[in-house]
Amino acid sequence: MIQPKISSLHVTGLARLGKMATPTNKALYSRVKAEAKRKFKTWPSAYGSAWLVKTYKKRGGTYSKGGSVAQVKTRTRKS
């Protein structure tokens, strides 16, 4: 079996540390989250979470800025 070659190149990326962005309107967020849990069979899921954010924003919800941003090194595969 042939192993894919992984380069030793390191790419600097951004990662969130500390707090995550939090919804500013807790009541609206709770209502939309309850709808998402009823709508999607599996919770949490990527589709359900994406629908939650999209619907929350569509209804006028906003998020507060959270956490600090730090630089980290990540490995990437050479194509």
# chains A, B, ... in the order shown; residues from 1 in each chain; ligands from 1
call {"tool": "residues_around", "arguments": {"residues": "region 45-56 of chain A", "least_positions_apart": "4", "cutoff": "10 Å", "atoms": "only C-alpha atoms", "output": "list of chain:residue names"}}
result
A:Pro23, A:Asn25, A:Leu28, A:Tyr29, A:Ser30, A:Arg31, A:Val32, A:Lys33, A:Ala34, A:Glu35, A:Ala36, A:Lys37, A:Arg38, A:Lys39, A:Phe40, A:Lys41, A:Gly60, A:Gly61, A:Thr62, A:Tyr63
